[in-house]
>>> print(open('upload08.cif').read())   # mmCIF, C-alpha atoms
data_run
loop_
_atom_site.group_PDB
_atom_site.id
_atom_site.type_symbol
_atom_site.label_atom_id
_atom_site.label_comp_id
_atom_site.auth_asym_id
_atom_site.auth_seq_id
_atom_site.Cartn_x
_atom_site.Cartn_y
_atom_site.Cartn_z
ATOM 1 C CA ARG A 231 29.167 9.338 -28.548
ATOM 2 C CA SER A 232 32.133 7.746 -30.248
ATOM 3 C CA SER A 233 35.382 9.350 -29.188
ATOM 4 C CA ARG A 234 38.180 10.580 -31.448
ATOM 5 C CA ASP A 235 40.728 7.956 -30.415
ATOM 6 C CA GLY A 236 40.717 5.777 -33.499
ATOM 7 C CA GLY A 237 37.064 4.886 -33.249
ATOM 8 C CA ARG A 238 37.082 3.348 -29.753
ATOM 9 C CA SER A 239 33.497 3.657 -28.570
ATOM 10 C CA GLN A 240 32.633 5.316 -25.283
ATOM 11 C CA SER A 241 29.224 4.651 -23.814
ATOM 12 C CA VAL A 242 28.476 7.749 -21.782
ATOM 13 C CA GLY A 243 29.000 10.631 -24.140
ATOM 14 C CA ARG A 244 31.578 13.401 -24.363
ATOM 15 C CA PHE A 245 32.228 15.654 -21.401
ATOM 16 C CA GLN A 246 34.241 18.850 -21.304
ATOM 17 C CA PHE A 247 35.126 20.708 -18.154
ATOM 18 C CA SER A 248 36.235 24.325 -17.957
ATOM 19 C CA MET A 249 37.438 25.642 -14.610
ATOM 20 C CA ILE A 250 37.490 29.399 -14.180
ATOM 21 C CA ALA A 251 38.699 31.273 -11.109
ATOM 22 C CA SER A 252 35.736 33.517 -10.387
ATOM 23 C CA GLU A 253 35.767 34.974 -6.906
ATOM 24 C CA ASN A 254 37.806 35.036 -3.718
ATOM 25 C CA SER A 255 36.823 34.119 -0.202
ATOM 26 C CA ALA A 256 38.555 33.572 3.112
ATOM 27 C CA ALA A 257 39.070 29.952 2.099
ATOM 28 C CA GLY A 258 40.681 30.918 -1.217
ATOM 29 C CA PRO A 259 39.453 31.441 -4.763
ATOM 30 C CA THR A 260 36.175 29.914 -5.854
ATOM 31 C CA ILE A 261 36.545 27.887 -9.041
ATOM 32 C CA ALA A 262 33.525 27.930 -11.336
ATOM 33 C CA VAL A 263 33.359 24.675 -13.314
ATOM 34 C CA LEU A 264 31.568 24.603 -16.653
ATOM 35 C CA LEU A 265 30.559 21.083 -17.674
ATOM 36 C CA CYS A 266 29.603 20.772 -21.361
ATOM 37 C CA ILE A 267 27.886 17.592 -22.557
ATOM 38 C CA ASP A 268 27.402 17.085 -26.300
ATOM 39 C CA VAL A 269 24.121 15.332 -27.070
ATOM 40 C CA GLU A 270 24.518 13.472 -30.351
ATOM 41 C CA PRO A 271 24.485 10.063 -32.041
ATOM 42 C CA ASP A 272 26.938 7.498 -30.704
ATOM 43 C CA GLU A 273 28.623 7.142 -34.093
ATOM 44 C CA ARG A 274 30.048 10.026 -36.084
ATOM 45 C CA GLU A 275 29.167 8.620 -39.499
ATOM 46 C CA VAL A 276 25.687 7.410 -38.645
ATOM 47 C CA ASP A 277 23.782 4.917 -40.752
ATOM 48 C CA PRO A 278 21.499 7.121 -42.881
ATOM 49 C CA HIS A 279 18.819 4.436 -42.860
ATOM 50 C CA ALA A 280 18.738 3.592 -39.136
ATOM 51 C CA GLN A 281 17.101 5.759 -36.493
ATOM 52 C CA VAL A 282 19.180 4.440 -33.616
ATOM 53 C CA ASP A 283 18.719 5.721 -30.065
ATOM 54 C CA TRP A 284 21.503 7.871 -28.600
ATOM 55 C CA VAL A 285 22.715 5.482 -25.917
ATOM 56 C CA GLY A 286 25.612 7.717 -24.907
ATOM 57 C CA PHE A 287 23.186 10.478 -23.951
ATOM 58 C CA GLU A 288 20.981 8.040 -22.042
ATOM 59 C CA HIS A 289 23.973 6.871 -20.002
ATOM 60 C CA ALA A 290 25.165 10.441 -19.490
ATOM 61 C CA VAL A 291 21.822 11.406 -17.949
ATOM 62 C CA GLU A 292 22.015 8.433 -15.598
ATOM 63 C CA LEU A 293 25.577 9.320 -14.615
ATOM 64 C CA VAL A 294 24.695 12.968 -13.970
ATOM 65 C CA ASP A 295 21.733 11.876 -11.836
ATOM 66 C CA ARG A 296 24.173 9.937 -9.657
ATOM 67 C CA LEU A 297 26.877 12.597 -9.570
ATOM 68 C CA ARG A 298 24.747 15.703 -9.017
ATOM 69 C CA PRO A 299 23.838 15.182 -5.331
ATOM 70 C CA THR A 300 27.403 14.140 -4.505
ATOM 71 C CA ILE A 301 28.851 17.271 -6.090
ATOM 72 C CA GLU A 302 26.232 19.470 -4.429
ATOM 73 C CA THR A 303 27.108 17.989 -1.038
ATOM 74 C CA ALA A 304 30.819 18.490 -1.650
ATOM 75 C CA THR A 305 30.507 22.093 -2.850
ATOM 76 C CA GLY A 306 27.496 23.284 -0.913
ATOM 77 C CA ARG A 307 26.123 24.766 -4.117
ATOM 78 C CA PRO A 308 23.514 23.775 -6.705
ATOM 79 C CA VAL A 309 24.907 21.904 -9.706
ATOM 80 C CA ARG A 310 23.635 22.821 -13.160
ATOM 81 C CA MET A 311 24.926 21.093 -16.281
ATOM 82 C CA SER A 312 25.107 22.364 -19.882
ATOM 83 C CA TRP A 313 23.730 20.066 -22.595
ATOM 84 C CA PHE A 314 24.433 20.843 -26.265
ATOM 85 C CA LEU A 315 22.121 19.158 -28.772
ATOM 86 C CA ARG A 316 22.708 18.229 -32.379
ATOM 87 C CA LEU A 317 19.965 19.826 -34.502
ATOM 88 C CA ASP A 318 21.753 20.030 -37.848
ATOM 89 C CA PRO A 319 20.981 18.627 -41.344
ATOM 90 C CA GLN A 320 22.591 15.255 -40.593
ATOM 91 C CA ILE A 321 19.967 14.725 -37.879
ATOM 92 C CA THR A 322 17.207 15.788 -40.261
ATOM 93 C CA HIS A 323 18.527 13.431 -42.960
ATOM 94 C CA VAL A 324 18.557 10.414 -40.653
ATOM 95 C CA TYR A 325 15.749 11.069 -38.173
ATOM 96 C CA GLY A 326 13.290 13.055 -40.275
ATOM 97 C CA HIS A 327 13.500 16.383 -38.459
ATOM 98 C CA PRO A 328 16.228 18.291 -36.593
ATOM 99 C CA GLY A 329 14.487 18.274 -33.210
ATOM 100 C CA TRP A 330 14.247 14.487 -32.998
ATOM 101 C CA ALA A 331 16.334 14.200 -29.831
ATOM 102 C CA ALA A 332 14.371 16.931 -28.029
ATOM 103 C CA ASP A 333 11.128 15.105 -28.830
ATOM 104 C CA HIS A 334 12.370 11.546 -28.314
ATOM 105 C CA TYR A 335 13.970 12.386 -24.962
ATOM 106 C CA ARG A 336 11.390 14.931 -23.844
ATOM 107 C CA GLN A 337 11.014 13.330 -20.415
ATOM 108 C CA GLN A 338 14.748 13.514 -19.773
ATOM 109 C CA PHE A 339 15.019 17.110 -20.965
ATOM 110 C CA ASP A 340 12.048 18.182 -18.867
ATOM 111 C CA ALA A 341 13.713 16.645 -15.813
ATOM 112 C CA LEU A 342 17.033 18.335 -16.604
ATOM 113 C CA ALA A 343 15.278 21.683 -17.108
ATOM 114 C CA SER A 344 13.633 21.320 -13.705
ATOM 115 C CA MET A 345 17.130 21.127 -12.208
ATOM 116 C CA GLY A 346 18.080 24.412 -13.856
ATOM 117 C CA ASP A 347 20.318 22.904 -16.524
ATOM 118 C CA GLU A 348 21.254 24.870 -19.640
ATOM 119 C CA PHE A 349 20.492 23.674 -23.184
ATOM 120 C CA GLY A 350 22.370 24.807 -26.271
ATOM 121 C CA ILE A 351 23.382 23.777 -29.778
ATOM 122 C CA HIS A 352 26.252 21.494 -30.800
ATOM 123 C CA LEU A 353 26.731 21.470 -34.554
ATOM 124 C CA HIS A 354 28.551 19.504 -37.261
ATOM 125 C CA PRO A 355 28.277 20.514 -40.960
ATOM 126 C CA TRP A 356 27.788 16.949 -42.188
ATOM 127 C CA LYS A 357 26.662 16.567 -45.797
ATOM 128 C CA TRP A 358 25.679 13.305 -47.491
ATOM 129 C CA ASP A 359 27.950 12.552 -50.451
ATOM 130 C CA HIS A 360 25.684 10.695 -52.883
ATOM 131 C CA GLU A 361 28.522 9.735 -55.226
ATOM 132 C CA ARG A 362 30.584 8.065 -52.492
ATOM 133 C CA SER A 363 27.602 7.077 -50.317
ATOM 134 C CA ARG A 364 29.179 8.451 -47.169
ATOM 135 C CA TRP A 365 29.161 11.483 -44.906
ATOM 136 C CA MET A 366 31.478 14.442 -45.401
ATOM 137 C CA GLN A 367 31.953 17.531 -43.246
ATOM 138 C CA ASP A 368 31.904 20.694 -45.344
ATOM 139 C CA PHE A 369 33.676 23.540 -43.561
ATOM 140 C CA ALA A 370 34.632 25.258 -46.828
ATOM 141 C CA ASP A 371 31.205 26.349 -48.066
ATOM 142 C CA GLN A 372 30.161 29.243 -45.831
ATOM 143 C CA SER A 373 26.643 29.219 -47.256
ATOM 144 C CA TRP A 374 26.286 25.583 -46.138
ATOM 145 C CA VAL A 375 27.750 26.301 -42.712
ATOM 146 C CA SER A 376 25.411 29.284 -42.288
ATOM 147 C CA TYR A 377 22.428 27.205 -43.347
ATOM 148 C CA CYS A 378 23.340 24.543 -40.784
ATOM 149 C CA VAL A 379 23.626 27.175 -38.047
ATOM 150 C CA GLU A 380 20.454 29.077 -38.927
ATOM 151 C CA SER A 381 18.342 25.932 -39.261
ATOM 152 C CA ALA A 382 19.667 24.610 -35.949
ATOM 153 C CA PHE A 383 18.765 27.843 -34.140
ATOM 154 C CA ALA A 384 15.271 27.712 -35.638
ATOM 155 C CA ALA A 385 14.892 24.052 -34.636
ATOM 156 C CA PHE A 386 16.068 24.803 -31.096
ATOM 157 C CA GLU A 387 13.464 27.514 -30.626
ATOM 158 C CA GLN A 388 10.756 25.239 -31.978
ATOM 159 C CA ALA A 389 11.831 22.392 -29.707
ATOM 160 C CA PHE A 390 12.222 24.351 -26.467
ATOM 161 C CA GLY A 391 10.092 27.455 -26.994
ATOM 162 C CA SER A 392 12.964 29.851 -26.382
ATOM 163 C CA ALA A 393 15.945 31.227 -28.276
ATOM 164 C CA CYS A 394 19.277 29.445 -28.040
ATOM 165 C CA ARG A 395 21.848 31.266 -25.913
ATOM 166 C CA SER A 396 24.707 28.739 -25.840
ATOM 167 C CA PHE A 397 26.599 27.278 -28.791
ATOM 168 C CA ARG A 398 29.424 24.815 -29.501
ATOM 169 C CA PHE A 399 30.669 24.003 -32.987
ATOM 170 C CA GLY A 400 31.921 20.445 -33.527
ATOM 171 C CA ASP A 401 35.588 19.489 -33.840
ATOM 172 C CA ARG A 402 36.589 22.897 -32.391
ATOM 173 C CA TRP A 403 35.973 24.559 -35.792
ATOM 174 C CA MET A 404 35.019 28.230 -36.029
ATOM 175 C CA ASN A 405 35.533 31.305 -38.229
ATOM 176 C CA ASP A 406 34.700 35.010 -38.062
ATOM 177 C CA GLU A 407 31.587 34.720 -40.256
ATOM 178 C CA THR A 408 30.085 31.983 -38.104
ATOM 179 C CA MET A 409 30.922 33.739 -34.839
ATOM 180 C CA ALA A 410 29.195 36.867 -36.174
ATOM 181 C CA LEU A 411 26.200 34.775 -37.238
ATOM 182 C CA ILE A 412 25.600 33.142 -33.852
ATOM 183 C CA ASP A 413 25.976 36.607 -32.306
ATOM 184 C CA ARG A 414 23.212 37.958 -34.590
ATOM 185 C CA LEU A 415 21.036 34.936 -33.831
ATOM 186 C CA GLY A 416 21.152 35.704 -30.118
ATOM 187 C CA ALA A 417 23.806 33.416 -28.666
ATOM 188 C CA THR A 418 25.446 34.893 -25.572
ATOM 189 C CA SER A 419 28.174 32.260 -25.124
ATOM 190 C CA ASP A 420 30.316 30.055 -27.340
ATOM 191 C CA SER A 421 32.390 27.179 -25.938
ATOM 192 C CA THR A 422 33.954 25.882 -29.143
ATOM 193 C CA ILE A 423 37.532 27.070 -28.832
ATOM 194 C CA GLU A 424 40.285 24.885 -27.354
ATOM 195 C CA PRO A 425 43.396 26.978 -26.645
ATOM 196 C CA GLY A 426 46.720 25.517 -27.709
ATOM 197 C CA GLN A 427 45.200 23.350 -30.435
ATOM 198 C CA ALA A 428 45.924 23.691 -34.130
ATOM 199 C CA GLY A 429 44.541 21.781 -37.087
ATOM 200 C CA THR A 430 42.222 18.845 -36.477
ATOM 201 C CA GLU A 431 42.207 15.292 -35.192
ATOM 202 C CA THR A 432 39.003 14.332 -36.965
ATOM 203 C CA PRO A 433 39.269 10.995 -38.800
ATOM 204 C CA ASP A 434 36.403 11.918 -41.119
ATOM 205 C CA VAL A 435 36.321 13.040 -44.728
ATOM 206 C CA TYR A 436 36.077 16.833 -44.770
ATOM 207 C CA ILE A 437 36.816 19.874 -46.881
ATOM 208 C CA GLY A 438 38.007 23.198 -45.545
ATOM 209 C CA THR A 439 40.614 24.349 -43.056
ATOM 210 C CA PHE A 440 40.799 24.476 -39.273
ATOM 211 C CA PRO A 441 41.837 27.492 -37.208
ATOM 212 C CA ASP A 442 45.029 27.772 -35.216
ATOM 213 C CA TYR A 443 44.298 28.303 -31.508
ATOM 214 C CA SER A 444 47.941 28.400 -30.425
ATOM 215 C CA HIS A 445 47.651 31.907 -28.970
ATOM 216 C CA VAL A 446 44.000 32.064 -27.934
ATOM 217 C CA PRO A 447 43.330 33.260 -24.350
ATOM 218 C CA THR A 448 42.525 30.632 -21.737
ATOM 219 C CA TYR A 449 40.037 32.934 -20.013
ATOM 220 C CA PRO A 450 36.536 34.042 -21.136
ATOM 221 C CA TYR A 451 36.537 37.025 -23.474
ATOM 222 C CA ARG A 452 34.377 38.955 -25.908
ATOM 223 C CA PRO A 453 35.656 38.186 -29.422
ATOM 224 C CA SER A 454 36.928 40.774 -31.859
ATOM 225 C CA ARG A 455 34.891 41.122 -35.034
ATOM 226 C CA GLN A 456 38.104 41.086 -37.058
ATOM 227 C CA ASP A 457 39.533 37.933 -35.425
ATOM 228 C CA PHE A 458 37.332 35.831 -33.143
ATOM 229 C CA ARG A 459 40.465 34.411 -31.513
ATOM 230 C CA SER A 460 41.346 37.818 -30.045
ATOM 231 C CA PRO A 461 39.545 39.744 -27.293
ATOM 232 C CA LEU A 462 37.801 43.017 -28.039
ATOM 233 C CA PRO A 463 39.607 46.035 -26.521
ATOM 234 C CA GLU A 464 36.183 47.274 -25.414
ATOM 235 C CA PRO A 465 33.263 44.923 -24.583
ATOM 236 C CA THR A 466 30.859 46.149 -27.280
ATOM 237 C CA ARG A 467 29.084 42.836 -27.999
ATOM 238 C CA ASP A 468 27.047 40.530 -25.769
ATOM 239 C CA LEU A 469 28.599 37.292 -27.011
ATOM 240 C CA ILE A 470 31.320 35.856 -24.795
ATOM 241 C CA VAL A 471 33.763 33.097 -25.745
ATOM 242 C CA ILE A 472 34.432 30.539 -23.011
ATOM 243 C CA PRO A 473 37.540 28.604 -24.090
ATOM 244 C CA ILE A 474 37.540 24.902 -23.322
ATOM 245 C CA ASN A 475 41.116 23.919 -22.579
ATOM 246 C CA SER A 476 41.779 20.286 -23.362
ATOM 247 C CA ALA A 477 44.242 17.451 -23.006
ATOM 248 C CA PRO A 478 44.377 13.761 -23.953
ATOM 249 C CA ALA A 479 41.983 11.639 -21.904
ATOM 250 C CA GLU A 480 44.905 9.519 -20.680
ATOM 251 C CA TRP A 481 46.407 12.587 -18.992
ATOM 252 C CA ALA A 482 43.035 13.687 -17.676
ATOM 253 C CA THR A 483 42.675 10.618 -15.476
ATOM 254 C CA THR A 484 45.136 12.405 -13.172
ATOM 255 C CA PRO A 485 44.040 16.052 -13.134
ATOM 256 C CA PRO A 486 46.396 18.785 -11.892
ATOM 257 C CA ARG A 487 46.254 19.546 -8.200
ATOM 258 C CA GLY A 488 47.530 22.043 -5.689
ATOM 259 C CA GLU A 489 49.540 24.982 -6.958
ATOM 260 C CA ILE A 490 49.511 23.704 -10.546
ATOM 261 C CA ALA A 491 45.718 23.585 -10.602
ATOM 262 C CA LEU A 492 45.377 26.984 -8.937
ATOM 263 C CA GLY A 493 47.897 28.436 -11.351
ATOM 264 C CA SER A 494 45.939 27.161 -14.358
ATOM 265 C CA PRO A 495 42.390 28.507 -13.919
ATOM 266 C CA GLY A 496 41.499 27.371 -17.435
ATOM 267 C CA ALA A 497 42.581 23.764 -16.847
ATOM 268 C CA VAL A 498 40.132 21.345 -18.394
ATOM 269 C CA TYR A 499 39.323 17.680 -18.697
ATOM 270 C CA GLU A 500 37.996 16.608 -22.063
ATOM 271 C CA GLY A 501 37.004 13.029 -22.685
ATOM 272 C CA SER A 502 34.590 10.318 -21.696
ATOM 273 C CA LEU A 503 33.746 9.185 -18.204
ATOM 274 C CA ASP A 504 33.155 5.556 -17.219
#
>>> encode(input="upload08.cif", output="structure tokens")
Amino acid sequence: RSSRDGGRSQSVGRFQFSMIASENSAAGPTIAVLLCIDVEPDEREVDPHAQVDWVGFEHAVELVDRLRPTIETATGRPVRMSWFLRLDPQITHVYGHPGWAADHYRQQFDALASMGDEFGIHLHPWKWDHERSRWMQDFADQSWVSYCVESAFAAFEQAFGSACRSFRFGDRWMNDETMALIDRLGATSDSTIEPGQAGTETPDVYIGTFPDYSHVPTYPYRPSRQDFRSPLPEPTRDLIVIPINSAPAEWATTPPRGEIALGSPGAVYEGSLD
């Protein structure tokens, strides 16, 4: 989809990598890499009257098809991607129903499922502003946010025949009420949070505030019910937060290596791939 660098369009979608040190072997620690791919329209403020194909997703599928066997050969392990679909009211407004992408790209999703890939929800609380004739993100109205989340979970189950387990809110936004809601709806993982980030870089019109992630852990944790940015002292809930560390795409073209990489198990690339 379109990236957040002043509107410069990227043609293959938005990728986020999370690397987590998971187990040790004689050859050193094994690094588990979580690759999140947001499946959404190419433009953020989509034309409400044009049902345009999601070209970024189409190119992302082609790229993954090329990369998967190479990565499997290099690692000696099966490669399974995580795809997060937009199923929120903006999609319903433009395409007629929230599960449009799942239906329109059924062949691609069936093929990805056969490879063992994970599907989840990626959500933006877009609302059409009739007075200004433009889109606005409403993070301030919790009832609207909750409606977006609940309708997306219902649409996911209708589209794929199973409950959604994985969730990612757009523009790294989250609050305690929404984290509790996705927990009640059955999500077992959330990959919204980007440690070290504060505020927002979104160029869009929006209302509401954005959380401060300056002191959020860089490792997976079960979130406190009082503050989703803090780990629970005791793991009493199933939901786990998987932070997605990030950096500017310009930096990410030269990822950390050697001791720096091993010393930063949460190091992540976020951006678009050509």
>>> closest_residue(input="upload08.cif", among="A:Glu407, A:Asp318, A:Asp401, A:Glu431", to="A:Tyr377", atoms="only C-alpha atoms")
A:Asp318
>>> residues_near_point(input="upload08.cif", point="(30.7, 33.7, -25.4)", cutoff="8 Å", atoms="all atoms listed in the file", output="VMD selection string")
chain A and resid 396 417 to 421 450 to 453 468 to 472
>>> write_last_selection(input="upload08.cif", atoms="C-alpha atoms", output="PDB file, in the coordinates of the input")
ATOM      1  CA  SER A 396      24.707  28.739 -25.840  1.00  0.00           C
ATOM      2  CA  ALA A 417      23.806  33.416 -28.666  1.00  0.00           C
ATOM      3  CA  THR A 418      25.446  34.893 -25.572  1.00  0.00           C
ATOM      4  CA  SER A 419      28.174  32.260 -25.124  1.00  0.00           C
ATOM      5  CA  ASP A 420      30.316  30.055 -27.340  1.00  0.00           C
ATOM      6  CA  SER A 421      32.390  27.179 -25.938  1.00  0.00           C
ATOM      7  CA  PRO A 450      36.536  34.042 -21.136  1.00  0.00           C
ATOM      8  CA  TYR A 451      36.537  37.025 -23.474  1.00  0.00           C
ATOM      9  CA  ARG A 452      34.377  38.955 -25.908  1.00  0.00           C
ATOM     10  CA  PRO A 453      35.656  38.186 -29.422  1.00  0.00           C
ATOM     11  CA  ASP A 468      27.047  40.530 -25.769  1.00  0.00           C
ATOM     12  CA  LEU A 469      28.599  37.292 -27.011  1.00  0.00           C
ATOM     13  CA  ILE A 470      31.320  35.856 -24.795  1.00  0.00           C
ATOM     14  CA  VAL A 471      33.763  33.097 -25.745  1.00  0.00           C
ATOM     15  CA  ILE A 472      34.432  30.539 -23.011  1.00  0.00           C
TER      16      ILE A 472
END
>>> closest_residue(input="upload08.cif", among="A:Glu288, A:Asp457, A:Asp277, A:Asp340", to="A:Tyr325", atoms="all atoms listed in the file")
A:Asp277
>>> residues_near_point(input="upload08.cif", point="(21.8, 9.2, -30.4)", cutoff="10 Å", atoms="all atoms listed in the file", output="JSON, numbers by chain")
{"A": [231, 243, 269, 270, 271, 272, 273, 276, 281, 282, 283, 284, 285, 286, 287, 288, 316, 321, 330, 331, 334]}
>>> atom_distance(input="upload08.cif", atom1="atom CA of A:Thr466", atom2="atom CA of A:Ser454")
9.3 Å
>>> resolve_selection(input="upload08.cif", expression="the PyMOL selection byres ((chain A and resi 402) around 7)", output="PDB file with C-alpha atoms, in the frame of the given file")
ATOM      1  CA  PHE A 399      30.669  24.003 -32.987  1.00  0.00           C
ATOM      2  CA  GLY A 400      31.921  20.445 -33.527  1.00  0.00           C
ATOM      3  CA  ASP A 401      35.588  19.489 -33.840  1.00  0.00           C
ATOM      4  CA  TRP A 403      35.973  24.559 -35.792  1.00  0.00           C
ATOM      5  CA  MET A 404      35.019  28.230 -36.029  1.00  0.00           C
ATOM      6  CA  THR A 422      33.954  25.882 -29.143  1.00  0.00           C
ATOM      7  CA  ILE A 423      37.532  27.070 -28.832  1.00  0.00           C
ATOM      8  CA  GLU A 424      40.285  24.885 -27.354  1.00  0.00           C
TER       9      GLU A 424
END
>>> atom_distance(input="upload08.cif", atom1="atom CA of A:Pro463", atom2="atom CA of A:Pro441")
21.5 Å
>>> build_atoms(input="upload08.cif", residues="stretch 304-322 of chain A", atoms="N, CA, C and O atoms", output="short mmCIF file (atom, residue, chain, number, x, y, z; two decimals), in the frame of the given file")
data_model
loop_
_atom_site.label_atom_id
_atom_site.label_comp_id
_atom_site.auth_asym_id
_atom_site.auth_seq_id
_atom_site.Cartn_x
_atom_site.Cartn_y
_atom_site.Cartn_z
N ALA A 304 29.41 18.14 -1.78
CA ALA A 304 30.82 18.49 -1.65
C ALA A 304 31.06 19.99 -1.76
O ALA A 304 31.94 20.54 -1.09
N THR A 305 30.28 20.67 -2.60
CA THR A 305 30.51 22.09 -2.85
C THR A 305 29.59 23.00 -2.05
O THR A 305 29.89 24.19 -1.88
N GLY A 306 28.47 22.46 -1.60
CA GLY A 306 27.50 23.28 -0.91
C GLY A 306 26.76 24.23 -1.84
O GLY A 306 26.18 25.23 -1.39
N ARG A 307 26.76 23.91 -3.12
CA ARG A 307 26.12 24.77 -4.12
C ARG A 307 25.31 23.92 -5.08
O ARG A 307 25.60 22.74 -5.29
N PRO A 308 24.28 24.53 -5.70
CA PRO A 308 23.51 23.78 -6.70
C PRO A 308 24.38 23.47 -7.92
O PRO A 308 25.26 24.26 -8.29
N VAL A 309 24.14 22.34 -8.54
CA VAL A 309 24.91 21.90 -9.71
C VAL A 309 24.00 21.94 -10.93
O VAL A 309 22.95 21.29 -10.96
N ARG A 310 24.40 22.71 -11.92
CA ARG A 310 23.64 22.82 -13.16
C ARG A 310 24.55 22.50 -14.34
O ARG A 310 25.60 23.11 -14.50
N MET A 311 24.13 21.54 -15.14
CA MET A 311 24.93 21.09 -16.28
C MET A 311 24.54 21.87 -17.55
O MET A 311 23.50 22.53 -17.60
N SER A 312 25.38 21.76 -18.58
CA SER A 312 25.11 22.36 -19.88
C SER A 312 25.08 21.25 -20.93
O SER A 312 26.07 20.55 -21.12
N TRP A 313 23.94 21.11 -21.60
CA TRP A 313 23.73 20.07 -22.60
C TRP A 313 23.59 20.71 -23.97
O TRP A 313 22.76 21.59 -24.16
N PHE A 314 24.40 20.26 -24.93
CA PHE A 314 24.43 20.84 -26.26
C PHE A 314 23.95 19.83 -27.29
O PHE A 314 24.59 18.80 -27.51
N LEU A 315 22.79 20.11 -27.89
CA LEU A 315 22.12 19.16 -28.77
C LEU A 315 22.52 19.34 -30.23
O LEU A 315 22.67 20.46 -30.71
N ARG A 316 22.59 18.21 -30.93
CA ARG A 316 22.71 18.23 -32.38
C ARG A 316 21.33 18.44 -32.99
O ARG A 316 20.39 17.69 -32.73
N LEU A 317 21.22 19.48 -33.84
CA LEU A 317 19.96 19.83 -34.50
C LEU A 317 20.23 20.19 -35.96
O LEU A 317 19.50 20.98 -36.55
N ASP A 318 21.28 19.62 -36.53
CA ASP A 318 21.75 20.03 -37.85
C ASP A 318 21.22 19.11 -38.95
O ASP A 318 20.50 18.14 -38.67
N PRO A 319 21.54 19.39 -40.23
CA PRO A 319 20.98 18.63 -41.34
C PRO A 319 21.26 17.12 -41.31
O PRO A 319 20.47 16.35 -41.87
N GLN A 320 22.37 16.70 -40.70
CA GLN A 320 22.59 15.26 -40.59
C GLN A 320 21.47 14.60 -39.78
O GLN A 320 20.98 13.51 -40.12
N ILE A 321 21.04 15.26 -38.71
CA ILE A 321 19.97 14.72 -37.88
C ILE A 321 18.66 14.70 -38.67
O ILE A 321 17.90 13.72 -38.61
N THR A 322 18.41 15.75 -39.42
CA THR A 322 17.21 15.79 -40.26
C THR A 322 17.23 14.67 -41.29
O THR A 322 16.22 13.99 -41.52
#
